[in-house]
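Asker: Sharing target_36.cif (mmCIF, C-alpha atoms) below.
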data_work
#
loop_
_atom_site.label_atom_id
_atom_site.label_comp_id
_atom_site.auth_asym_id
_atom_site.auth_seq_id
_atom_site.Cartn_x
_atom_site.Cartn_y
_atom_site.Cartn_z
CA MET A 837 0.00 0.00 0.00
CA THR A 838 1.13 3.49 -0.82
CA GLN A 839 -0.25 6.71 0.52
CA VAL A 840 -1.90 8.99 -2.02
CA SER A 841 -2.92 12.58 -1.35
CA MET A 842 -4.88 14.92 -3.55
CA THR A 843 -7.41 17.71 -3.44
CA VAL A 844 -10.93 16.57 -4.30
CA ASN A 845 -13.58 19.24 -4.78
CA GLY A 846 -11.44 21.67 -2.80
CA LYS A 847 -10.78 19.38 0.18
CA SER A 848 -7.45 17.72 0.94
CA VAL A 849 -7.84 13.95 1.11
CA SER A 850 -5.48 11.02 1.42
CA GLY A 851 -5.63 7.26 1.64
CA ASP A 852 -3.62 4.07 1.29
CA VAL A 853 -4.02 2.43 -2.10
CA GLU A 854 -2.53 -0.39 -4.13
CA GLY A 855 -0.64 0.30 -7.34
CA ARG A 856 -3.60 -1.00 -9.32
CA THR A 857 -6.23 1.14 -7.58
CA LEU A 858 -7.95 3.26 -10.22
CA LEU A 859 -8.84 6.89 -9.63
CA SER A 860 -12.51 5.94 -10.06
CA GLY A 861 -12.11 3.27 -7.35
CA PHE A 862 -10.38 5.68 -4.98
CA LEU A 863 -13.16 8.24 -5.42
CA ARG A 864 -16.00 5.77 -5.06
CA GLU A 865 -14.70 3.25 -2.53
CA HIS A 866 -12.25 5.22 -0.40
CA LEU A 867 -14.01 8.60 -0.45
CA SER A 868 -17.59 7.32 -0.99
CA LEU A 869 -18.03 9.80 -3.83
CA THR A 870 -20.26 7.49 -5.82
CA GLY A 871 -21.51 10.19 -8.16
CA THR A 872 -18.65 9.24 -10.46
CA HIS A 873 -20.10 6.23 -12.28
CA VAL A 874 -18.23 3.28 -13.73
CA GLY A 875 -20.13 2.14 -16.79
CA CYS A 876 -17.96 0.15 -19.14
CA ASP A 877 -14.64 0.09 -17.24
CA THR A 878 -12.94 0.08 -20.65
CA ALA A 879 -12.61 3.86 -21.21
CA GLN A 880 -15.35 3.86 -23.83
CA CYS A 881 -18.45 5.25 -22.15
CA GLY A 882 -17.33 8.36 -20.25
CA ALA A 883 -19.64 7.92 -17.24
CA CYS A 884 -16.50 8.17 -15.07
CA VAL A 885 -15.25 11.51 -16.41
CA VAL A 886 -13.76 13.76 -13.72
CA HIS A 887 -11.46 16.78 -13.90
CA VAL A 888 -7.78 16.35 -13.04
CA ASN A 889 -5.99 19.69 -12.81
CA GLY A 890 -8.89 21.16 -14.75
CA GLU A 891 -8.85 18.64 -17.61
CA ALA A 892 -11.49 16.01 -18.34
CA VAL A 893 -10.15 12.48 -17.93
CA LYS A 894 -11.70 9.03 -17.68
CA SER A 895 -11.11 8.10 -14.07
CA CYS A 896 -11.49 4.36 -14.77
CA ASN A 897 -8.46 4.64 -17.03
CA MET A 898 -6.10 6.43 -14.67
CA LEU A 899 -4.33 5.07 -11.61
CA ALA A 900 -5.11 6.78 -8.32
CA LEU A 901 -1.36 7.16 -7.72
CA GLU A 902 -1.06 9.11 -10.99
CA ALA A 903 -3.34 11.71 -9.41
CA ASP A 904 -1.09 12.15 -6.36
CA GLY A 905 -0.89 15.87 -5.64
CA ALA A 906 -3.51 16.71 -8.25
CA ASP A 907 -6.56 18.92 -8.01
CA VAL A 908 -9.51 16.63 -8.78
CA GLY A 909 -13.07 17.74 -9.46
CA THR A 910 -16.07 15.38 -9.45
CA ILE A 911 -19.79 15.76 -9.99
CA GLU A 912 -20.22 16.22 -6.22
CA GLY A 913 -18.30 19.48 -6.51
CA GLN A 914 -20.39 20.92 -9.31
CA ALA A 915 -23.30 22.37 -7.36
CA ASN A 916 -23.19 25.96 -6.15
CA ALA A 917 -21.95 26.69 -2.64
CA ASP A 918 -25.54 26.94 -1.35
CA GLY A 919 -26.34 23.49 -2.72
CA SER A 920 -28.39 24.71 -5.66
CA LEU A 921 -27.71 23.25 -9.10
CA ASN A 922 -25.05 25.00 -11.16
CA VAL A 923 -25.90 26.40 -14.57
CA ILE A 924 -25.09 23.17 -16.44
CA GLN A 925 -26.97 20.94 -14.00
CA GLN A 926 -29.95 23.30 -14.04
CA ALA A 927 -29.96 23.27 -17.85
CA PHE A 928 -29.98 19.46 -17.83
CA GLN A 929 -33.05 19.60 -15.59
CA ASP A 930 -34.80 22.34 -17.59
CA HIS A 931 -34.25 20.64 -20.95
CA HIS A 932 -34.76 17.05 -19.81
CA GLY A 933 -31.12 16.26 -20.58
CA LEU A 934 -31.30 12.89 -18.86
CA GLN A 935 -33.44 9.81 -18.95
CA CYS A 936 -32.06 7.06 -16.72
CA GLY A 937 -29.35 9.41 -15.47
CA PHE A 938 -26.47 6.93 -15.43
CA CYS A 939 -24.33 8.81 -17.95
CA THR A 940 -25.25 12.22 -16.52
CA PRO A 941 -22.30 12.77 -14.16
CA GLY A 942 -19.86 12.18 -17.01
CA MET A 943 -21.94 14.29 -19.39
CA VAL A 944 -21.99 17.21 -16.94
CA MET A 945 -18.25 16.96 -16.28
CA SER A 946 -17.47 16.81 -20.02
CA ALA A 947 -19.85 19.71 -20.64
CA ALA A 948 -18.08 21.77 -17.97
CA ALA A 949 -14.69 21.04 -19.57
CA LEU A 950 -16.06 21.95 -23.01
CA LEU A 951 -17.58 25.25 -21.89
CA LYS A 952 -14.35 26.20 -20.14
CA GLU A 953 -12.38 25.99 -23.39
CA ASN A 954 -15.20 26.96 -25.75
CA PRO A 955 -17.82 29.13 -23.96
CA ARG A 956 -20.28 29.28 -26.90
CA PRO A 957 -19.97 26.03 -28.84
CA THR A 958 -22.02 25.25 -31.92
CA GLU A 959 -24.29 22.22 -31.91
CA ALA A 960 -21.73 20.37 -34.04
CA GLU A 961 -18.94 21.26 -31.61
CA VAL A 962 -20.97 19.96 -28.66
CA ARG A 963 -21.68 16.68 -30.43
CA LYS A 964 -18.03 16.33 -31.43
CA TYR A 965 -16.84 16.97 -27.88
CA LEU A 966 -19.19 14.33 -26.50
CA GLU A 967 -17.70 11.58 -28.70
CA GLY A 968 -16.40 9.82 -25.63
CA ASN A 969 -19.60 10.06 -23.58
CA LEU A 970 -22.19 7.43 -24.38
CA CYS A 971 -25.87 7.61 -23.40
CA ARG A 972 -27.48 4.19 -23.64
CA CYS A 973 -30.91 5.81 -23.53
CA THR A 974 -29.74 7.62 -26.71
CA GLY A 975 -30.98 10.87 -25.21
CA TYR A 976 -28.39 12.95 -26.99
CA HIS A 977 -30.64 15.63 -28.47
CA ASN A 978 -31.69 17.02 -25.11
CA ILE A 979 -28.19 16.67 -23.67
CA VAL A 980 -26.83 18.79 -26.53
CA LYS A 981 -29.68 21.24 -26.08
CA ALA A 982 -29.00 21.54 -22.34
CA ILE A 983 -25.30 22.21 -22.89
CA MET A 984 -26.04 24.89 -25.46
CA ALA A 985 -28.59 26.46 -23.15
CA ALA A 986 -26.04 26.40 -20.32
CA SER A 987 -23.71 28.38 -22.59
CA GLY A 988 -26.37 31.11 -22.77
CA GLN A 989 -27.55 30.37 -26.29
CA ASP A 990 -31.13 30.35 -27.47
CA VAL A 991 -32.12 26.74 -28.04
CA SER A 992 -35.79 27.29 -28.86
CA SER A 993 -35.16 26.59 -32.54
CA ILE A 994 -33.31 23.30 -31.92
CA ALA A 995 -35.81 20.54 -32.46
CA ALA A 996 -35.86 17.54 -30.17
CA GLU A 997 -36.16 14.94 -32.90
CA MET B 740 -5.99 -6.53 -12.94
CA TYR B 741 -3.07 -8.05 -11.07
CA ASN B 742 -1.38 -5.79 -8.57
CA PHE B 743 1.96 -4.10 -9.19
CA GLU B 744 4.33 -1.64 -7.59
CA PHE B 745 4.09 1.92 -8.87
CA GLU B 746 6.96 4.33 -9.33
CA LYS B 747 6.91 7.87 -10.68
CA PRO B 748 10.48 9.13 -11.23
CA SER B 749 11.19 12.76 -12.10
CA THR B 750 14.21 12.22 -14.35
CA VAL B 751 14.88 10.02 -17.38
CA ALA B 752 17.89 8.50 -15.59
CA ASP B 753 15.75 7.43 -12.63
CA ALA B 754 13.12 6.01 -14.99
CA VAL B 755 15.75 3.97 -16.84
CA SER B 756 17.03 2.70 -13.51
CA ALA B 757 13.51 1.75 -12.36
CA LEU B 758 12.83 -0.02 -15.65
CA GLY B 759 15.93 -2.17 -15.08
CA GLY B 760 14.01 -4.17 -12.47
CA GLU B 761 12.53 -7.52 -13.37
CA ASP B 762 9.20 -7.31 -15.24
CA ALA B 763 9.10 -3.53 -14.97
CA GLN B 764 7.11 -1.70 -17.63
CA ALA B 765 6.85 1.93 -18.65
CA LEU B 766 3.49 3.70 -18.30
CA GLY B 767 2.74 6.60 -20.64
CA GLY B 768 -0.80 7.93 -20.46
CA GLY B 769 -2.15 4.44 -19.88
CA GLN B 770 -5.01 4.76 -22.35
CA THR B 771 -4.08 1.41 -23.90
CA LEU B 772 -1.97 -0.12 -21.14
CA ILE B 773 -4.54 0.18 -18.34
CA PRO B 774 -7.29 -1.61 -20.35
CA THR B 775 -4.64 -4.23 -21.25
CA LEU B 776 -3.82 -4.73 -17.57
CA LYS B 777 -7.52 -5.01 -16.73
CA GLN B 778 -7.80 -7.87 -19.22
CA ARG B 779 -4.73 -9.46 -17.64
CA LEU B 780 -2.96 -9.44 -20.99
CA ALA B 781 0.04 -7.91 -19.22
CA SER B 782 1.21 -8.41 -15.65
CA PRO B 783 4.24 -6.24 -14.88
CA SER B 784 5.67 -6.35 -11.37
CA THR B 785 6.35 -2.62 -11.48
CA LEU B 786 4.81 0.17 -13.51
CA VAL B 787 7.10 3.14 -14.06
CA SER B 788 5.12 6.26 -14.84
CA LEU B 789 6.79 8.60 -17.31
CA GLY B 790 4.29 11.35 -16.50
CA GLY B 791 6.40 13.09 -13.87
CA ILE B 792 9.48 13.88 -15.98
CA PRO B 793 9.56 17.57 -16.98
CA ASP B 794 12.24 16.92 -19.67
CA MET B 795 9.78 14.71 -21.58
CA GLN B 796 7.00 17.31 -21.76
CA GLY B 797 6.04 19.90 -24.32
CA VAL B 798 6.36 21.02 -27.92
CA CYS B 799 9.23 23.18 -29.16
CA ILE B 800 10.59 24.34 -32.50
CA GLU B 801 14.24 23.50 -33.18
CA ASP B 802 16.75 25.75 -34.98
CA ASP B 803 16.33 23.74 -38.20
CA GLY B 804 12.55 24.35 -38.13
CA SER B 805 11.64 20.82 -37.06
CA VAL B 806 9.15 20.29 -34.24
CA ALA B 807 10.41 18.40 -31.20
CA ILE B 808 7.77 16.83 -28.98
CA GLY B 809 8.54 15.34 -25.59
CA GLY B 810 7.67 11.66 -25.39
CA ALA B 811 5.24 12.18 -22.49
CA THR B 812 3.37 15.04 -24.17
CA THR B 813 -0.38 14.43 -24.39
CA HIS B 814 -2.35 14.40 -27.63
CA ALA B 815 -4.33 17.42 -26.39
CA THR B 816 -1.13 19.41 -25.89
CA VAL B 817 0.17 18.50 -29.35
CA ALA B 818 -3.21 19.39 -30.88
CA SER B 819 -3.05 22.89 -29.38
CA GLU B 820 0.68 23.67 -29.21
CA ALA B 821 1.75 22.29 -32.61
CA ALA B 822 -1.20 23.87 -34.44
CA GLY B 823 0.91 26.81 -35.62
CA SER B 824 4.16 25.00 -36.37
CA TYR B 825 2.90 21.71 -37.87
CA PRO B 826 -0.88 21.92 -38.44
CA ALA B 827 -1.31 18.48 -40.07
CA LEU B 828 0.31 16.74 -37.12
CA ALA B 829 -1.72 18.81 -34.66
CA ALA B 830 -4.87 17.82 -36.56
CA LEU B 831 -3.88 14.16 -36.31
CA ALA B 832 -3.41 14.47 -32.55
CA GLY B 833 -6.79 16.21 -32.27
CA GLN B 834 -8.56 13.26 -33.89
CA ILE B 835 -7.27 10.54 -31.57
CA GLY B 836 -9.87 8.94 -29.32
CA ASP B 837 -12.01 11.53 -27.57
CA PRO B 838 -11.20 14.66 -25.52
CA ALA B 839 -10.73 12.80 -22.21
CA VAL B 840 -8.46 10.22 -23.84
CA ARG B 841 -6.43 12.99 -25.51
CA ASN B 842 -5.85 14.59 -22.11
CA ARG B 843 -4.01 11.45 -20.94
CA GLY B 844 -2.62 9.59 -23.98
CA THR B 845 0.93 10.45 -25.08
CA VAL B 846 2.89 10.47 -28.33
CA GLY B 847 5.63 8.27 -26.89
CA GLY B 848 3.11 5.76 -25.60
CA SER B 849 1.37 5.56 -28.95
CA LEU B 850 4.60 5.05 -30.89
CA ALA B 851 6.02 2.51 -28.44
CA ASN B 852 2.79 0.50 -28.57
CA ASN B 853 2.62 0.60 -32.40
CA ASP B 854 -1.01 -0.46 -32.61
CA PRO B 855 -1.69 -1.33 -36.27
CA ALA B 856 -4.64 1.11 -36.31
CA ALA B 857 -3.12 3.96 -34.28
CA CYS B 858 -2.72 7.43 -35.81
CA TYR B 859 0.72 8.53 -34.55
CA PRO B 860 2.71 5.78 -36.31
CA ALA B 861 1.39 7.15 -39.62
CA GLY B 862 2.29 10.70 -38.60
CA ALA B 863 5.81 9.72 -37.59
CA LEU B 864 6.50 7.51 -40.61
CA GLY B 865 4.86 9.94 -43.02
CA SER B 866 6.89 12.83 -41.64
CA GLY B 867 10.15 10.90 -41.59
CA ALA B 868 10.41 11.64 -37.88
CA THR B 869 13.34 10.72 -35.66
CA ILE B 870 12.50 8.84 -32.48
CA ILE B 871 14.96 9.88 -29.79
CA THR B 872 15.42 7.55 -26.84
CA ASN B 873 17.56 7.61 -23.74
CA THR B 874 20.32 5.84 -25.70
CA ARG B 875 20.04 6.67 -29.43
CA GLN B 876 18.18 8.21 -32.34
CA ILE B 877 16.06 5.95 -34.53
CA ALA B 878 14.71 6.96 -37.95
CA ALA B 879 10.98 6.26 -38.26
CA ASP B 880 11.78 4.08 -41.30
CA ASP B 881 13.74 1.77 -38.96
CA PHE B 882 11.47 2.06 -35.92
CA PHE B 883 8.25 0.22 -36.83
CA GLU B 884 8.80 -3.54 -37.05
CA GLY B 885 5.27 -4.90 -37.41
CA LEU B 886 2.23 -5.51 -35.28
CA PHE B 887 2.83 -3.99 -31.79
CA SER B 888 6.55 -4.34 -32.46
CA THR B 889 9.23 -1.63 -32.61
CA ALA B 890 13.00 -1.27 -32.58
CA LEU B 891 12.88 -0.30 -28.88
CA GLU B 892 14.94 -2.47 -26.55
CA GLU B 893 13.72 -3.55 -23.11
CA GLY B 894 13.60 -0.55 -20.82
CA GLU B 895 14.36 1.95 -23.62
CA ILE B 896 12.36 5.17 -23.32
CA ILE B 897 11.17 7.52 -26.07
CA THR B 898 12.23 10.88 -24.66
CA THR B 899 11.55 13.08 -27.71
CA VAL B 900 10.15 12.73 -31.20
CA ASN B 901 11.54 15.11 -33.78
CA PHE B 902 9.26 15.86 -36.74
CA PRO B 903 10.65 17.59 -39.86
CA VAL B 904 7.96 19.98 -41.12
CA PRO B 905 6.95 19.38 -44.76
CA GLN B 906 5.81 22.00 -47.28
CA ALA B 907 2.33 20.49 -47.09
CA ALA B 908 0.83 17.54 -45.27
CA SER B 909 -2.54 15.99 -44.54
CA TYR B 910 -3.83 13.13 -42.42
CA GLN B 911 -6.98 11.51 -43.72
CA LYS B 912 -8.58 9.18 -41.21
CA PHE B 913 -11.49 6.91 -42.00
CA LEU B 914 -12.84 6.58 -38.49
CA GLN B 915 -13.92 3.29 -36.98
CA PRO B 916 -16.56 5.00 -34.84
CA ALA B 917 -16.76 2.48 -32.00
CA SER B 918 -13.04 2.29 -31.21
CA ARG B 919 -12.23 5.74 -32.67
CA PHE B 920 -9.07 4.22 -34.13
CA ALA B 921 -8.45 4.45 -37.88
CA LEU B 922 -10.20 1.87 -40.03
CA VAL B 923 -7.69 3.23 -42.54
CA GLY B 924 -5.61 6.37 -42.10
CA VAL B 925 -3.23 7.94 -44.63
CA TYR B 926 -0.62 10.52 -43.70
CA LEU B 927 0.81 12.29 -46.73
CA ALA B 928 3.72 14.73 -46.44
CA ARG B 929 5.21 16.69 -49.32
CA PHE B 930 8.83 17.72 -48.79
CA ALA B 931 11.13 19.60 -51.16
CA ASP B 932 12.97 16.33 -51.84
CA GLY B 933 9.93 14.08 -52.22
CA VAL B 934 6.56 12.85 -51.06
CA ARG B 935 6.01 10.35 -48.25
CA VAL B 936 2.79 8.35 -47.89
CA ALA B 937 2.27 6.36 -44.68
CA VAL B 938 -0.73 4.10 -44.15
CA THR B 939 -2.16 2.90 -40.84
CA GLY B 940 -5.12 0.69 -39.96
CA ALA B 941 -4.82 -1.33 -43.15
CA SER B 942 -1.97 -3.82 -43.04
CA GLU B 943 -1.54 -6.89 -40.88
CA ASP B 944 2.07 -5.74 -40.45
CA GLY B 945 1.08 -2.33 -39.08
CA VAL B 946 1.99 1.04 -40.51
CA PHE B 947 3.74 1.04 -43.90
CA ARG B 948 4.85 3.40 -46.68
CA TRP B 949 3.04 3.11 -50.01
CA SER B 950 6.15 3.48 -52.14
CA GLU B 951 4.40 3.11 -55.54
CA ALA B 952 2.17 6.07 -54.70
CA GLU B 953 5.19 8.07 -53.53
CA GLU B 954 7.01 7.43 -56.84
CA ALA B 955 3.97 8.43 -58.86
CA LEU B 956 3.44 11.60 -56.81
CA ASN B 957 7.10 12.56 -57.14
CA LYS B 958 6.55 12.62 -60.92
CA GLU B 959 3.22 14.40 -60.81
CA PHE B 960 1.53 15.68 -57.65
CA ARG B 961 -2.16 15.34 -58.34
CA PRO B 962 -4.89 12.82 -57.46
CA ASP B 963 -4.89 11.37 -60.99
CA ALA B 964 -1.30 10.27 -60.48
CA LEU B 965 -2.69 7.28 -58.56
CA THR B 966 -4.71 6.06 -61.55
CA GLY B 967 -3.82 2.44 -62.20
CA LEU B 968 -2.16 1.98 -58.82
CA SER B 969 -3.71 -0.31 -56.25
CA ILE B 970 -2.79 -1.99 -52.99
CA ASN B 971 -2.59 -5.77 -52.94
CA PRO B 972 -5.38 -6.83 -50.55
CA ALA B 973 -3.62 -10.05 -49.55
CA ASN B 974 -1.83 -8.47 -46.61
CA MET B 975 -4.67 -6.24 -45.46
CA ILE B 976 -6.51 -6.62 -42.15
CA ALA B 977 -9.91 -8.29 -42.36
CA ASP B 978 -12.38 -8.04 -39.48
CA LEU B 979 -16.08 -7.43 -38.94
CA HIS B 980 -15.60 -3.75 -39.77
CA GLY B 981 -14.12 -4.29 -43.23
CA SER B 982 -12.75 -6.91 -45.61
CA LYS B 983 -9.25 -6.97 -47.08
CA ALA B 984 -10.53 -5.62 -50.39
CA TYR B 985 -12.46 -2.85 -48.65
CA ARG B 986 -9.40 -1.69 -46.74
CA ALA B 987 -7.20 -1.84 -49.86
CA HIS B 988 -9.76 0.32 -51.66
CA LEU B 989 -9.91 2.77 -48.76
CA VAL B 990 -6.13 3.26 -48.90
CA SER B 991 -6.46 4.67 -52.44
CA VAL B 992 -9.48 6.79 -51.54
CA MET B 993 -7.87 8.30 -48.45
CA THR B 994 -4.60 8.92 -50.27
CA LYS B 995 -6.45 10.83 -53.00
CA ARG B 996 -8.21 12.92 -50.35
CA ALA B 997 -4.83 13.68 -48.74
CA ILE B 998 -3.41 14.78 -52.10
CA GLU B 999 -6.39 17.06 -52.69
CA ALA B 1000 -5.99 18.54 -49.21
CA CYS B 1001 -2.33 19.34 -50.00
CA MET B 1002 -3.02 21.10 -53.31
#
Since I need it in another form, could you write the structure as structure tokens?
Answerer:
Amino acid sequence: MTQVSMTVNGKSVSGDVEGRTLLSGFLREHLSLTGTHVGCDTAQCGACVVHVNGEAVKSCNMLALEADGADVGTIEGQANADGSLNVIQQAFQDHHGLQCGFCTPGMVMSAAALLKENPRPTEAEVRKYLEGNLCRCTGYHNIVKAIMAASGQDVSSIAAE
Amino acid sequence: MYNFEFEKPSTVADAVSALGGEDAQALGGGQTLIPTLKQRLASPSTLVSLGGIPDMQGVCIEDDGSVAIGGATTHATVASEAAGSYPALAALAGQIGDPAVRNRGTVGGSLANNDPAACYPAGALGSGATIITNTRQIAADDFFEGLFSTALEEGEIITTVNFPVPQAASYQKFLQPASRFALVGVYLARFADGVRVAVTGASEDGVFRWSEAEEALNKEFRPDALTGLSINPANMIADLHGSKAYRAHLVSVMTKRAIEACM
């Protein structure tokens, strides 16, 4: 066992992990932050996306020890300080951007990373950025709509097909 | 996956030393290696992360105009930082996997793995890059030795990859949308002294140069120059995504698109 320390959602945390412990496992099993979902465990589906030093990564495809000293952000850290939904989460609710909700944490984290580097993406840019986030309900139209709405764009003309 | 010891040295020398241990293996971004470990297709006793070595990070332009990229530089960094100096290579990096994968995966990891459908081997071979390790410099033409096989010795680390910048270049990737690897990808680079055409995703032997197309394009650089040329399908990959003949056909189609993009 090796000690790993990092900042998660602004709090310093540490724990003893094996070499093979994944970042997703450390978050879920050591810190009980189960909002980060493990869908495929093969780095395909993106349900496990978190931010490491501000960048979106698939936490099921990164060792916990690789995140030693890093600043990690998860879905649990997305809400506003008063507990209300942040602008992306609120847009997902307003535009019905989820069905079963399993992929939602990863979708929200990817959306946050996208809007940080591209504050007003086109619909095509949103779809392109979400290549690595799969929704098995196939609810993509409303997810894209929610992300565009969160960026402050008028989405009334985007049809939910 | 089986358990292993984890080390994260901060210098190349320490990494080389750590890799001298029995069954030690280098870890780049882990975007292929970690899934491989999960399937128990590899079981190193020690994983040596190359992600903590500052000397292996970043993109810089050398005095001769070539672009030198640290072996542990992520695809996302290459996509943004090489966009001005070598746009075709930056575009290649920006098409690998998805954004989260590009934030972890590295150029050195991709080249050392030499997946037959990976993008970077085509970029390196097509550019005539030099792969610089802790012990020597290897020309791309001598580096790729077939499926998942390279000239790297045990414990040898790709510290830098040096890409000469051509007059024009284009990477045309026919995406396999589930894996996001190339079903077929063609990297074409036009230098003052000749054209190089490197093909990935197609051959059972991994990335290769299409020398007949290069000869034809050296005589006349236009899409019609390929008329009458074809790839022998015998050595192509066949799987549920495409037959040998389909891949052979795609090589011609993607090469023509690359030529058009360079005109």
Asker: Give as a list in words every residue of chain A that touches chain B within 6 Å, counting only C-alpha atoms.
Answerer: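 Here is what falls inside 6 Å: Gly855, Arg856, Thr878, Ala892, Val893, Lys894, Glu967 and Gly968 of chain A.
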Asker: How many Å lie between CA of Ala985 in chain A and CA of Ser946 in chain A, rounded to one decimal?
Answerer: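 Computing it gives 15.1 Å between the two atoms.
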Asker: Could you check the closest approach to Thr872 in chain A for each of A:Pro941, A:Gly846, A:Gly909, A:Gly919 and tell me which residue wins, using all atoms listed in the file?
Answerer: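 Of the candidates, the smallest distance to Thr872 in chain A is held by A:Pro941.
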Asker: If you apply the PyMOL selection byres ((chain B and resi 810-812) around 10) to this file, what residues do you get, as a VMD selection string?
Answerer: chain B and resid 766 to 768 788 to 798 807 to 809 813 to 817 842 to 851 870 to 872 896 to 901
Asker: Suppose a student applies the PyMOL selection byres ((chain A and resi 949) around 10) to this structure; what residues should they get, written as an mmCIF file with C-alpha atoms, keeping the file's coordinate frame?
Answerer:
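The resulting file, part_3.cif, is reproduced below:
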data_model
loop_
_atom_site.group_PDB
_atom_site.id
_atom_site.type_symbol
_atom_site.label_atom_id
_atom_site.label_comp_id
_atom_site.auth_asym_id
_atom_site.auth_seq_id
_atom_site.Cartn_x
_atom_site.Cartn_y
_atom_site.Cartn_z
ATOM 1 C CA VAL A 886 -13.760 13.760 -13.720
ATOM 2 C CA HIS A 887 -11.460 16.780 -13.900
ATOM 3 C CA GLY A 890 -8.890 21.160 -14.750
ATOM 4 C CA GLU A 891 -8.850 18.640 -17.610
ATOM 5 C CA ALA A 892 -11.490 16.010 -18.340
ATOM 6 C CA VAL A 893 -10.150 12.480 -17.930
ATOM 7 C CA MET A 943 -21.940 14.290 -19.390
ATOM 8 C CA VAL A 944 -21.990 17.210 -16.940
ATOM 9 C CA MET A 945 -18.250 16.960 -16.280
ATOM 10 C CA SER A 946 -17.470 16.810 -20.020
ATOM 11 C CA ALA A 947 -19.850 19.710 -20.640
ATOM 12 C CA ALA A 948 -18.080 21.770 -17.970
ATOM 13 C CA LEU A 950 -16.060 21.950 -23.010
ATOM 14 C CA LEU A 951 -17.580 25.250 -21.890
ATOM 15 C CA LYS A 952 -14.350 26.200 -20.140
ATOM 16 C CA GLU A 953 -12.380 25.990 -23.390
ATOM 17 C CA ASN A 954 -15.200 26.960 -25.750
ATOM 18 C CA PRO A 955 -17.820 29.130 -23.960
ATOM 19 C CA TYR A 965 -16.840 16.970 -27.880
ATOM 20 C CA PRO B 838 -11.200 14.660 -25.520
ATOM 21 C CA ALA B 839 -10.730 12.800 -22.210
#
Asker: I want to know what sits within 10 Å of Leu901 in chain A, based on only C-alpha atoms, with residues of the same chain fewer than 4 positions away left out; could you give that as a CSV table (one decimal) with C-alpha atoms, in the frame of the given file?
Answerer:
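Result went into result.csv, see below:
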chain,number,residue,atom,x,y,z
A,838,THR,CA,1.1,3.5,-0.8
A,839,GLN,CA,-0.2,6.7,0.5
A,840,VAL,CA,-1.9,9.0,-2.0
A,841,SER,CA,-2.9,12.6,-1.4
A,842,MET,CA,-4.9,14.9,-3.6
A,852,ASP,CA,-3.6,4.1,1.3
A,853,VAL,CA,-4.0,2.4,-2.1
A,854,GLU,CA,-2.5,-0.4,-4.1
A,855,GLY,CA,-0.6,0.3,-7.3
A,856,ARG,CA,-3.6,-1.0,-9.3
A,857,THR,CA,-6.2,1.1,-7.6
A,858,LEU,CA,-8.0,3.3,-10.2
A,859,LEU,CA,-8.8,6.9,-9.6
A,862,PHE,CA,-10.4,5.7,-5.0
A,905,GLY,CA,-0.9,15.9,-5.6
A,906,ALA,CA,-3.5,16.7,-8.2
B,745,PHE,CA,4.1,1.9,-8.9
B,746,GLU,CA,7.0,4.3,-9.3
B,747,LYS,CA,6.9,7.9,-10.7
B,788,SER,CA,5.1,6.3,-14.8
Asker: Applied to this file, what does the PyMOL selection byres ((chain A and resi 972-984) around 6) return in terms of residues, put as a list in words?
Answerer: Ala927, Phe928, His931, Gly933, Cys971, Ala985, Ala986, Ser987, Gln989 and Ala996 of chain A
Asker: For CA of Ala765 in chain B and CA of Val787 in chain B, determine how far apart the two atoms are, in Å to one decimal place.
Answerer: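 Distance reported for this atom pair: 4.8 Å.
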Asker: Report, in Å to a single decimal, how far apart CA of Arg929 in chain B and CA of Ala907 in chain B are.
Answerer: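 A separation of 5.3 Å between them.
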Asker: Using only C-alpha atoms - which residues lie no farther than 7 Å from the point (-28.6, 27.2, -30.7) in the file's frame? Write them as a list of chain:residue names.
Answerer: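 Within 7 Å of (-28.6, 27.2, -30.7), the protein and nucleic acid residues are A:Thr958, A:Glu959, A:Met984, A:Gln989, A:Asp990, A:Val991, A:Ser993, A:Ile994.
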Asker: May I ask which of the residues A:Lys847, A:Ala903, A:Gly988, A:Asp918 is the closest one to Pro957 in chain A, counting only C-alpha atoms?
Answerer: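 Looking at the shortest contact to Pro957 in chain A, the residue is A:Gly988.
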Asker: Counting all atoms listed in the file, what is within 10 Å of Ser909 in chain B, bar same-chain residues fewer than 5 positions away, as a ChimeraX atom specification?
Answerer: /B:826-828,830-831,862,865,925-929,936,994,996-1001
Asker: Would you kindly return, as a list in words, each protein, DNA or RNA residue with an atom no farther than 8 Å from any atom of Gly924 in chain B, considering all atoms listed in the file and excluding same-chain residues fewer than 5 positions away?
Answerer: Ala856, Cys858, Ala861, Tyr910, Gln911, Lys912, Phe913, Val938, Thr939, Gly940, Ala941, Val990 and Met993 of chain B
Asker: May I have the residues from that selection written out with C-alpha atoms, as a short mmCIF file (atom, residue, chain, number, x, y, z; two decimals), in the frame of the given file?
Answerer:
data_model
loop_
_atom_site.label_atom_id
_atom_site.label_comp_id
_atom_site.auth_asym_id
_atom_site.auth_seq_id
_atom_site.Cartn_x
_atom_site.Cartn_y
_atom_site.Cartn_z
CA ALA B 856 -4.64 1.11 -36.31
CA CYS B 858 -2.72 7.43 -35.81
CA ALA B 861 1.39 7.15 -39.62
CA TYR B 910 -3.83 13.13 -42.42
CA GLN B 911 -6.98 11.51 -43.72
CA LYS B 912 -8.58 9.18 -41.21
CA PHE B 913 -11.49 6.91 -42.00
CA VAL B 938 -0.73 4.10 -44.15
CA THR B 939 -2.16 2.90 -40.84
CA GLY B 940 -5.12 0.69 -39.96
CA ALA B 941 -4.82 -1.33 -43.15
CA VAL B 990 -6.13 3.26 -48.90
CA MET B 993 -7.87 8.30 -48.45
#
